[in-house]
$ cat my_file.pdb   # PDB, C-alpha atoms
ATOM      1  CA  MET A 228     108.464  85.735  85.285
ATOM      2  CA  GLN A 229     108.468  85.009  88.985
ATOM      3  CA  PRO A 230     107.647  87.838  91.446
ATOM      4  CA  LEU A 231     110.550  90.167  92.184
ATOM      5  CA  GLN A 232     111.402  89.692  95.846
ATOM      6  CA  GLY A 233     113.757  91.528  98.150
ATOM      7  CA  HIS A 234     111.767  94.123 100.073
ATOM      8  CA  THR A 235     111.025  93.190 103.675
ATOM      9  CA  SER A 236     107.732  95.055 103.942
ATOM     10  CA  GLY A 237     104.828  96.138 101.740
ATOM     11  CA  ILE A 238     105.545  97.802  98.398
ATOM     12  CA  THR A 239     103.908 101.182  97.923
ATOM     13  CA  SER A 240     105.032 102.390  94.504
ATOM     14  CA  VAL A 241     106.696 101.151  91.306
ATOM     15  CA  ALA A 242     107.648 102.774  87.991
ATOM     16  CA  PHE A 243     109.436 101.891  84.760
ATOM     17  CA  SER A 244     112.466 103.798  83.505
ATOM     18  CA  PRO A 245     111.832 105.791  80.294
ATOM     19  CA  ASP A 246     113.566 103.142  78.172
ATOM     20  CA  GLY A 247     111.588 100.360  79.841
ATOM     21  CA  LYS A 248     114.727  98.445  80.831
ATOM     22  CA  GLN A 249     114.559  99.076  84.576
ATOM     23  CA  ILE A 250     111.947  99.173  87.332
ATOM     24  CA  VAL A 251     112.161 101.170  90.543
ATOM     25  CA  SER A 252     110.178 100.195  93.633
ATOM     26  CA  GLY A 253     109.587 101.863  96.978
ATOM     27  CA  SER A 254     108.579 100.097 100.158
ATOM     28  CA  ARG A 255     107.481 100.551 103.734
ATOM     29  CA  ASP A 256     110.848  99.016 104.678
ATOM     30  CA  GLN A 257     112.303 102.508 104.017
ATOM     31  CA  THR A 258     114.277 101.373 100.969
ATOM     32  CA  ILE A 259     114.176 101.786  97.196
ATOM     33  CA  ARG A 260     115.198  99.021  94.817
ATOM     34  CA  ILE A 261     116.094  99.059  91.119
ATOM     35  CA  TRP A 262     115.406  95.962  89.039
ATOM     36  CA  ASN A 263     116.337  94.670  85.606
ATOM     37  CA  ALA A 264     112.978  94.554  83.810
ATOM     38  CA  ALA A 265     114.080  91.708  81.536
ATOM     39  CA  THR A 266     115.528  89.370  84.161
ATOM     40  CA  GLY A 267     113.854  90.530  87.375
ATOM     41  CA  GLU A 268     117.231  90.753  89.119
ATOM     42  CA  SER A 269     118.079  93.514  91.577
ATOM     43  CA  ILE A 270     120.660  95.759  89.908
ATOM     44  CA  MET A 271     122.296  97.190  93.028
ATOM     45  CA  GLN A 272     122.040  97.399  96.786
ATOM     46  CA  PRO A 273     118.854  99.022  98.141
ATOM     47  CA  LEU A 274     118.863 102.819  98.178
ATOM     48  CA  GLN A 275     118.734 103.904 101.812
ATOM     49  CA  GLY A 276     118.350 107.294 103.430
ATOM     50  CA  HIS A 277     114.697 107.847 104.231
ATOM     51  CA  THR A 278     113.811 107.399 107.899
ATOM     52  CA  SER A 279     110.284 106.134 107.263
ATOM     53  CA  GLY A 280     108.366 104.222 104.604
ATOM     54  CA  ILE A 281     108.557 105.221 100.940
ATOM     55  CA  THR A 282     105.275 106.419  99.437
ATOM     56  CA  SER A 283     106.187 107.314  95.857
ATOM     57  CA  VAL A 284     109.018 106.827  93.334
ATOM     58  CA  ALA A 285     109.595 108.048  89.768
ATOM     59  CA  PHE A 286     112.345 108.152  87.135
ATOM     60  CA  SER A 287     113.468 111.399  85.518
ATOM     61  CA  PRO A 288     112.678 111.697  81.774
ATOM     62  CA  ASP A 289     116.293 110.875  80.850
ATOM     63  CA  GLY A 290     116.354 107.907  83.230
ATOM     64  CA  LYS A 291     119.434 109.194  85.064
ATOM     65  CA  GLN A 292     117.733 110.157  88.311
ATOM     66  CA  ILE A 293     115.073 108.825  90.653
ATOM     67  CA  VAL A 294     112.926 110.907  92.962
ATOM     68  CA  SER A 295     111.284 109.482  96.064
ATOM     69  CA  GLY A 296     108.798 110.710  98.654
ATOM     70  CA  SER A 297     108.315 109.341 102.135
ATOM     71  CA  TRP A 298     106.302 109.328 105.325
ATOM     72  CA  ASP A 299     109.305 111.143 106.842
ATOM     73  CA  ARG A 300     108.017 114.301 105.064
ATOM     74  CA  THR A 301     111.054 114.576 102.804
ATOM     75  CA  ILE A 302     111.856 114.114  99.116
ATOM     76  CA  ARG A 303     115.137 112.624  97.921
ATOM     77  CA  ILE A 304     116.823 112.584  94.513
ATOM     78  CA  TRP A 305     119.055 109.642  93.609
ATOM     79  CA  ASN A 306     121.595 108.811  90.919
ATOM     80  CA  ALA A 307     119.926 105.915  89.091
ATOM     81  CA  ALA A 308     123.299 104.468  87.993
ATOM     82  CA  THR A 309     125.074 104.491  91.362
ATOM     83  CA  GLY A 310     122.221 104.609  93.873
ATOM     84  CA  GLU A 311     123.794 107.560  95.647
ATOM     85  CA  SER A 312     121.751 110.444  97.040
ATOM     86  CA  ILE A 313     122.506 113.484  94.885
ATOM     87  CA  MET A 314     121.734 116.213  97.425
ATOM     88  CA  GLN A 315     120.274 116.885 100.834
ATOM     89  CA  PRO A 316     116.628 115.903 101.323
ATOM     90  CA  LEU A 317     114.070 118.392 100.015
ATOM     91  CA  GLN A 318     112.130 119.658 103.020
ATOM     92  CA  GLY A 319     109.113 121.911 103.343
ATOM     93  CA  HIS A 320     106.000 119.776 103.630
ATOM     94  CA  THR A 321     104.633 119.519 107.162
ATOM     95  CA  ASP A 322     103.098 116.081 106.692
ATOM     96  CA  MET A 323     103.857 112.865 104.819
ATOM     97  CA  ILE A 324     104.519 113.001 101.084
ATOM     98  CA  THR A 325     101.890 111.211  98.998
ATOM     99  CA  SER A 326     103.365 111.509  95.518
ATOM    100  CA  VAL A 327     106.294 112.846  93.505
ATOM    101  CA  ALA A 328     106.957 113.288  89.776
ATOM    102  CA  PHE A 329     109.414 114.961  87.396
ATOM    103  CA  SER A 330     108.353 117.571  84.859
ATOM    104  CA  PRO A 331     108.609 116.491  81.192
ATOM    105  CA  ASP A 332     111.917 118.363  80.763
ATOM    106  CA  GLY A 333     113.304 116.965  84.027
ATOM    107  CA  LYS A 334     114.084 120.402  85.422
ATOM    108  CA  GLN A 335     111.384 120.462  88.080
ATOM    109  CA  ILE A 336     109.839 118.102  90.604
ATOM    110  CA  VAL A 337     106.281 118.294  91.904
ATOM    111  CA  SER A 338     105.179 116.796  95.206
ATOM    112  CA  GLY A 339     101.854 116.311  96.942
ATOM    113  CA  SER A 340     101.386 115.952 100.676
ATOM    114  CA  TYR A 341      98.893 115.073 103.366
ATOM    115  CA  ASN A 342      99.182 118.707 104.479
ATOM    116  CA  LYS A 343      96.872 119.512 101.529
ATOM    117  CA  THR A 344      99.543 121.369  99.545
ATOM    118  CA  ILE A 345     101.557 120.878  96.365
ATOM    119  CA  ARG A 346     105.143 122.067  96.038
ATOM    120  CA  ILE A 347     107.340 122.584  92.984
ATOM    121  CA  TRP A 348     111.103 122.142  93.318
ATOM    122  CA  ASP A 349     114.171 122.894  91.218
ATOM    123  CA  ALA A 350     115.529 119.421  90.384
ATOM    124  CA  ALA A 351     119.105 120.734  90.080
ATOM    125  CA  THR A 352     119.298 122.654  93.356
ATOM    126  CA  GLY A 353     116.540 121.132  95.460
ATOM    127  CA  GLU A 354     115.164 124.583  96.216
ATOM    128  CA  SER A 355     111.442 125.277  96.411
ATOM    129  CA  ILE A 356     110.604 127.404  93.366
ATOM    130  CA  MET A 357     107.536 129.149  94.760
ATOM    131  CA  GLN A 358     105.154 129.231  97.667
ATOM    132  CA  PRO A 359     103.176 126.021  98.269
ATOM    133  CA  LEU A 360     100.140 125.641  96.035
ATOM    134  CA  HIS A 361      97.022 125.843  98.208
ATOM    135  CA  GLY A 362      93.444 125.170  97.263
ATOM    136  CA  HIS A 363      92.773 121.547  98.139
ATOM    137  CA  THR A 364      90.329 121.216 101.008
ATOM    138  CA  ASP A 365      91.230 117.599 101.706
ATOM    139  CA  LEU A 366      94.379 115.520 101.701
ATOM    140  CA  THR A 367      96.281 115.819  98.425
ATOM    141  CA  PRO A 368      95.932 112.527  96.554
ATOM    142  CA  PRO A 369      98.745 110.788  94.691
ATOM    143  CA  ILE A 370      99.873 112.300  91.376
ATOM    144  CA  PHE A 371      99.664 109.053  89.450
ATOM    145  CA  GLN A 372     101.722 108.134  86.419
ATOM    146  CA  HIS A 373     102.152 104.401  85.797
ATOM    147  CA  THR A 374     102.413 102.811  89.217
ATOM    148  CA  SER A 375     101.319  99.719  91.017
ATOM    149  CA  CYS A 376     101.645  98.560  94.591
ATOM    150  CA  SER A 377     101.334  95.477  96.732
ATOM    151  CA  SER A 378     100.543  94.817 100.376
ATOM    152  CA  GLN A 379     102.891  91.844 100.106
ATOM    153  CA  ASP A 380     106.671  92.058 100.000
ATOM    154  CA  ARG A 381     107.080  91.598  96.256
ATOM    155  CA  VAL A 382     106.605  93.233  92.859
ATOM    156  CA  LEU A 383     104.506  91.419  90.276
ATOM    157  CA  MET A 384     105.059  91.782  86.532
ATOM    158  CA  THR A 385     102.495  90.878  83.907
ATOM    159  CA  ASP A 386     101.446  91.801  80.387
ATOM    160  CA  VAL A 387      99.777  95.211  80.595
ATOM    161  CA  GLU A 388      97.469  94.405  77.686
ATOM    162  CA  ASP A 389      95.992  91.573  79.699
ATOM    163  CA  LEU A 390      95.142  93.981  82.518
ATOM    164  CA  PHE A 391      93.955  97.072  80.717
ATOM    165  CA  LYS A 392      91.847  96.957  77.560
ATOM    166  CA  CYS A 393      91.755 100.760  77.579
ATOM    167  CA  PRO A 394      95.127 102.393  78.438
ATOM    168  CA  SER A 395      93.496 105.549  79.814
ATOM    169  CA  VAL A 396      91.531 103.736  82.502
ATOM    170  CA  ASN A 397      92.966 102.585  85.825
ATOM    171  CA  ILE A 398      91.257  99.495  87.213
ATOM    172  CA  ILE A 399      91.075  99.180  90.999
ATOM    173  CA  ASP A 400      89.659  96.250  92.932
ATOM    174  CA  VAL A 401      87.493  98.233  95.338
ATOM    175  CA  ASN A 402      87.105  95.370  97.786
ATOM    176  CA  LYS A 403      90.893  95.134  98.147
ATOM    177  CA  ALA A 404      91.574  98.876  98.060
ATOM    178  CA  CYS A 405      89.104  99.639 100.841
ATOM    179  CA  GLU A 406      90.464  97.187 103.392
ATOM    180  CA  PHE A 407      91.528  98.512 106.803
ATOM    181  CA  SER A 408      95.205  97.536 107.043
ATOM    182  CA  ASP A 409      98.487  98.550 108.657
ATOM    183  CA  PHE A 410      99.049 100.772 105.610
ATOM    184  CA  SER A 411      95.824 102.742 106.197
ATOM    185  CA  VAL A 412      96.526 106.332 107.233
ATOM    186  CA  LEU A 413      94.730 108.126 110.066
ATOM    187  CA  GLY A 414      94.565 111.821 109.162
ATOM    188  CA  GLU A 415      94.454 114.806 111.485
ATOM    189  CA  ASP A 416      90.749 115.115 110.687
ATOM    190  CA  GLY A 417      90.095 111.669 112.178
ATOM    191  CA  TRP A 418      89.356 109.901 108.890
ATOM    192  CA  MET A 419      91.063 106.571 108.276
ATOM    193  CA  ARG A 420      92.086 106.403 104.635
ATOM    194  CA  GLY A 421      93.079 103.566 102.350
ATOM    195  CA  PRO A 422      96.154 103.442 100.065
ATOM    196  CA  THR A 423      94.589 105.634  97.379
ATOM    197  CA  GLY A 424      93.085 108.166  99.810
ATOM    198  CA  GLU A 425      89.592 106.676  99.972
ATOM    199  CA  LEU A 426      87.667 107.255 103.215
ATOM    200  CA  LEU A 427      87.211 104.097 105.283
ATOM    201  CA  PHE A 428      85.780 105.308 108.605
ATOM    202  CA  TRP A 429      86.005 108.174 111.085
ATOM    203  CA  VAL A 430      87.593 107.817 114.539
ATOM    204  CA  PRO A 431      86.605 110.095 117.461
ATOM    205  CA  ASP A 432      89.469 112.190 118.791
ATOM    206  CA  HIS A 433      89.700 110.458 122.188
ATOM    207  CA  LEU A 434      90.069 107.021 120.558
ATOM    208  CA  ARG A 435      92.745 107.788 117.963
ATOM    209  CA  ARG A 436      95.937 107.330 119.996
ATOM    210  CA  GLY A 437      95.101 103.832 121.154
ATOM    211  CA  LEU A 438      93.525 102.502 117.972
ATOM    212  CA  TRP A 439      94.567  98.950 117.158
ATOM    213  CA  ARG A 440      95.867  98.211 113.670
ATOM    214  CA  PRO A 441      95.306  94.779 112.101
ATOM    215  CA  GLY A 442      98.955  93.885 112.688
ATOM    216  CA  ASN A 443      99.069  94.974 116.332
ATOM    217  CA  SER A 444      99.490  92.403 119.091
ATOM    218  CA  VAL A 445      99.073  94.953 121.883
ATOM    219  CA  VAL A 446      98.827  98.729 122.366
ATOM    220  CA  ILE A 447     100.913  99.965 125.306
ATOM    221  CA  GLY A 448     100.709 103.172 127.315
ATOM    222  CA  VAL A 449      97.245 104.435 126.360
ATOM    223  CA  PRO A 450      93.687 103.117 126.580
ATOM    224  CA  SER A 451      93.219 100.978 123.495
ATOM    225  CA  THR A 452      90.362 100.548 121.063
ATOM    226  CA  LYS A 453      90.044  97.474 118.891
ATOM    227  CA  LEU A 454      87.621  97.449 115.965
ATOM    228  CA  ASP A 455      85.401  94.503 115.178
ATOM    229  CA  THR A 456      85.310  94.515 111.362
ATOM    230  CA  THR A 457      83.598  91.167 110.937
ATOM    231  CA  SER A 458      80.418  92.977 109.883
ATOM    232  CA  PHE A 459      82.196  95.859 108.157
ATOM    233  CA  VAL A 460      80.542  96.268 104.739
ATOM    234  CA  HIS A 461      82.463  98.029 101.971
ATOM    235  CA  GLY A 462      83.280  98.020  98.269
ATOM    236  CA  THR A 463      80.857  96.186  95.995
ATOM    237  CA  SER A 464      79.132  94.706  99.066
ATOM    238  CA  TRP A 465      77.678  98.102 100.011
ATOM    239  CA  TRP A 466      74.144  96.853  99.422
ATOM    240  CA  GLN A 467      74.449  94.615 102.480
ATOM    241  CA  CYS A 468      74.138  97.726 104.650
ATOM    242  CA  LYS A 469      70.386  97.544 104.057
ATOM    243  CA  ASN A 470      68.521  94.752 105.787
ATOM    244  CA  THR A 471      66.491  92.682 103.382
ATOM    245  CA  VAL A 472      62.882  91.913 104.279
TER     246      VAL A 472
END
$ encode --input "my_file.pdb" --output "structure tokens"
Amino acid sequence: MQPLQGHTSGITSVAFSPDGKQIVSGSRDQTIRIWNAATGESIMQPLQGHTSGITSVAFSPDGKQIVSGSWDRTIRIWNAATGESIMQPLQGHTDMITSVAFSPDGKQIVSGSYNKTIRIWDAATGESIMQPLHGHTDLTPPIFQHTSCSSQDRVLMTDVEDLFKCPSVNIIDVNKACEFSDFSVLGEDGWMRGPTGELLFWVPDHLRRGLWRPGNSVVIGVPSTKLDTTSFVHGTSWWQCKNTV
């Protein structure tokens, strides 16, 4: 079918409902949309409540709820039938949420964050069940299920068998994944990271505030730094770093 369009900014996460009849998508436009998987039509008005871009979405095992994580450091639980927020936002992480998922029985929610911790929540009450899980020494990567994302403002649907010959392997176009974009995240450690947490480059502390993004027209209020990436070698072109004789 044609691409599903409606979001006004890049799409960061998508997931099927357990019965395969619906698709949920999250976007940098701070909204969540639910689509009819057979027709591609939007089922209801966008789910709104987050105050920053959505980073991760997932259905509950029974398909009745949707959980979402955001750059606003909160997690929200939604009624998948009405689009209403079920409870107050789940708060506790001190940095942006990278991924969320329901437990197989739907009673718990797990979340990962750029603060290098994992939290487990009671899905019925929204309360944190235990102390944050520590141990990661770098940013906590996404807890992937079956998701896809786009830097454009649309969701693409295709036959999965045409994309993946082996269902246990995720295929990533490294050249596309490693691009420096407006979606790249600059961590507290100075590393610029791509959409799946890969390291792109390191920025000295005194240059971070005024760093230009690809979509910037101007940086106001601080000394600015603009990168020249015309000779930036990455992905499968890594061998070009070495001068040939």
$ atom_distance --input "my_file.pdb" --atom1 "atom CA of A:Arg346" --atom2 "atom CA of A:Val327"
9.6 Å
$ atom_distance --input "my_file.pdb" --atom1 "atom CA of A:Asp299" --atom2 "atom CA of A:Val412"
13.7 Å
$ closest_residue --input "my_file.pdb" --among "A:Ile259, A:Ala265, A:Ala350, A:Ile281" --to "A:Ile324" --atoms "only C-alpha atoms"
A:Ile281
$ resolve_selection --input "my_file.pdb" --expression "the PyMOL selection byres ((chain A and resi 260) around 8)" --output "NGL selection string"
:A and (234 or 251-253 or 258-259 or 261-262 or 269 or 271-274)
$ resolve_selection --input "my_file.pdb" --expression "the PyMOL selection byres ((chain A and resi 452) around 12)" --output "PyMOL selection string"
chain A and resi 430-441+443+445-447+449-451+453-455
$ resolve_selection --input "my_file.pdb" --expression "the PyMOL selection byres ((chain A and resi 285) around 12)" --output "number ranges by chain"
A: 240-245, 249-253, 259-261, 281-284, 286-296, 302-305, 307, 326-330, 333, 336-338, 370-375
$ decode --input "my_file.pdb" --residues "stretch 320-349 of chain A" --atoms "N, CA and C atoms" --output "compact mmCIF listing (two decimals), in the first residue's frame"
# COMPACT_ATOMS: atom_id res chain seq x y z
N HIS A 320 13.27 8.32 35.69
CA HIS A 320 14.51 8.45 34.92
C HIS A 320 14.96 9.91 34.91
N THR A 321 16.25 10.12 34.92
CA THR A 321 16.80 11.48 34.94
C THR A 321 17.31 11.92 33.58
N ASP A 322 17.05 11.10 32.56
CA ASP A 322 17.41 11.47 31.20
C ASP A 322 16.39 10.85 30.26
N MET A 323 16.51 11.12 28.97
CA MET A 323 15.51 10.67 28.01
C MET A 323 15.33 9.16 28.01
N ILE A 324 14.11 8.73 27.76
CA ILE A 324 13.79 7.31 27.66
C ILE A 324 14.20 6.81 26.27
N THR A 325 14.86 5.67 26.22
CA THR A 325 15.27 5.12 24.92
C THR A 325 14.36 4.00 24.45
N SER A 326 13.74 3.28 25.38
CA SER A 326 12.91 2.15 24.98
C SER A 326 11.97 1.73 26.10
N VAL A 327 10.80 1.21 25.69
CA VAL A 327 9.83 0.68 26.65
C VAL A 327 9.25 -0.62 26.10
N ALA A 328 8.80 -1.49 27.01
CA ALA A 328 8.18 -2.76 26.59
C ALA A 328 7.36 -3.32 27.74
N PHE A 329 6.31 -4.06 27.41
CA PHE A 329 5.50 -4.77 28.40
C PHE A 329 6.12 -6.14 28.67
N SER A 330 5.88 -6.66 29.86
CA SER A 330 6.25 -8.04 30.17
C SER A 330 5.26 -8.96 29.45
N PRO A 331 5.60 -10.23 29.27
CA PRO A 331 4.69 -11.16 28.57
C PRO A 331 3.30 -11.27 29.17
N ASP A 332 3.16 -11.10 30.49
CA ASP A 332 1.85 -11.18 31.12
C ASP A 332 1.16 -9.82 31.20
N GLY A 333 1.85 -8.76 30.75
CA GLY A 333 1.26 -7.43 30.72
C GLY A 333 1.19 -6.72 32.05
N LYS A 334 1.74 -7.34 33.09
CA LYS A 334 1.62 -6.75 34.43
C LYS A 334 2.75 -5.77 34.75
N GLN A 335 3.81 -5.83 33.99
CA GLN A 335 4.95 -4.95 34.25
C GLN A 335 5.41 -4.27 32.96
N ILE A 336 6.10 -3.16 33.16
CA ILE A 336 6.69 -2.41 32.05
C ILE A 336 8.16 -2.20 32.36
N VAL A 337 9.01 -2.38 31.38
CA VAL A 337 10.44 -2.13 31.55
C VAL A 337 10.82 -0.95 30.67
N SER A 338 11.71 -0.12 31.17
CA SER A 338 12.16 1.05 30.41
C SER A 338 13.67 1.20 30.51
N GLY A 339 14.26 1.66 29.43
CA GLY A 339 15.69 1.96 29.40
C GLY A 339 15.87 3.44 29.17
N SER A 340 16.98 3.99 29.67
CA SER A 340 17.18 5.43 29.59
C SER A 340 18.62 5.79 29.29
N TYR A 341 18.80 7.02 28.81
CA TYR A 341 20.14 7.54 28.58
C TYR A 341 20.88 7.80 29.89
N ASN A 342 20.21 7.63 31.03
CA ASN A 342 20.92 7.79 32.30
C ASN A 342 21.59 6.48 32.73
N LYS A 343 21.64 5.51 31.78
CA LYS A 343 22.35 4.24 31.96
C LYS A 343 21.66 3.29 32.94
N THR A 344 20.35 3.49 33.16
CA THR A 344 19.63 2.61 34.07
C THR A 344 18.41 1.99 33.38
N ILE A 345 17.92 0.91 33.98
CA ILE A 345 16.69 0.25 33.57
C ILE A 345 15.75 0.28 34.76
N ARG A 346 14.48 0.55 34.50
CA ARG A 346 13.48 0.56 35.56
C ARG A 346 12.34 -0.39 35.21
N ILE A 347 11.76 -0.98 36.24
CA ILE A 347 10.62 -1.87 36.09
C ILE A 347 9.44 -1.26 36.83
N TRP A 348 8.29 -1.20 36.15
CA TRP A 348 7.12 -0.51 36.69
C TRP A 348 5.93 -1.46 36.78
N ASP A 349 5.04 -1.18 37.73
CA ASP A 349 3.77 -1.89 37.83
C ASP A 349 2.84 -1.27 36.79
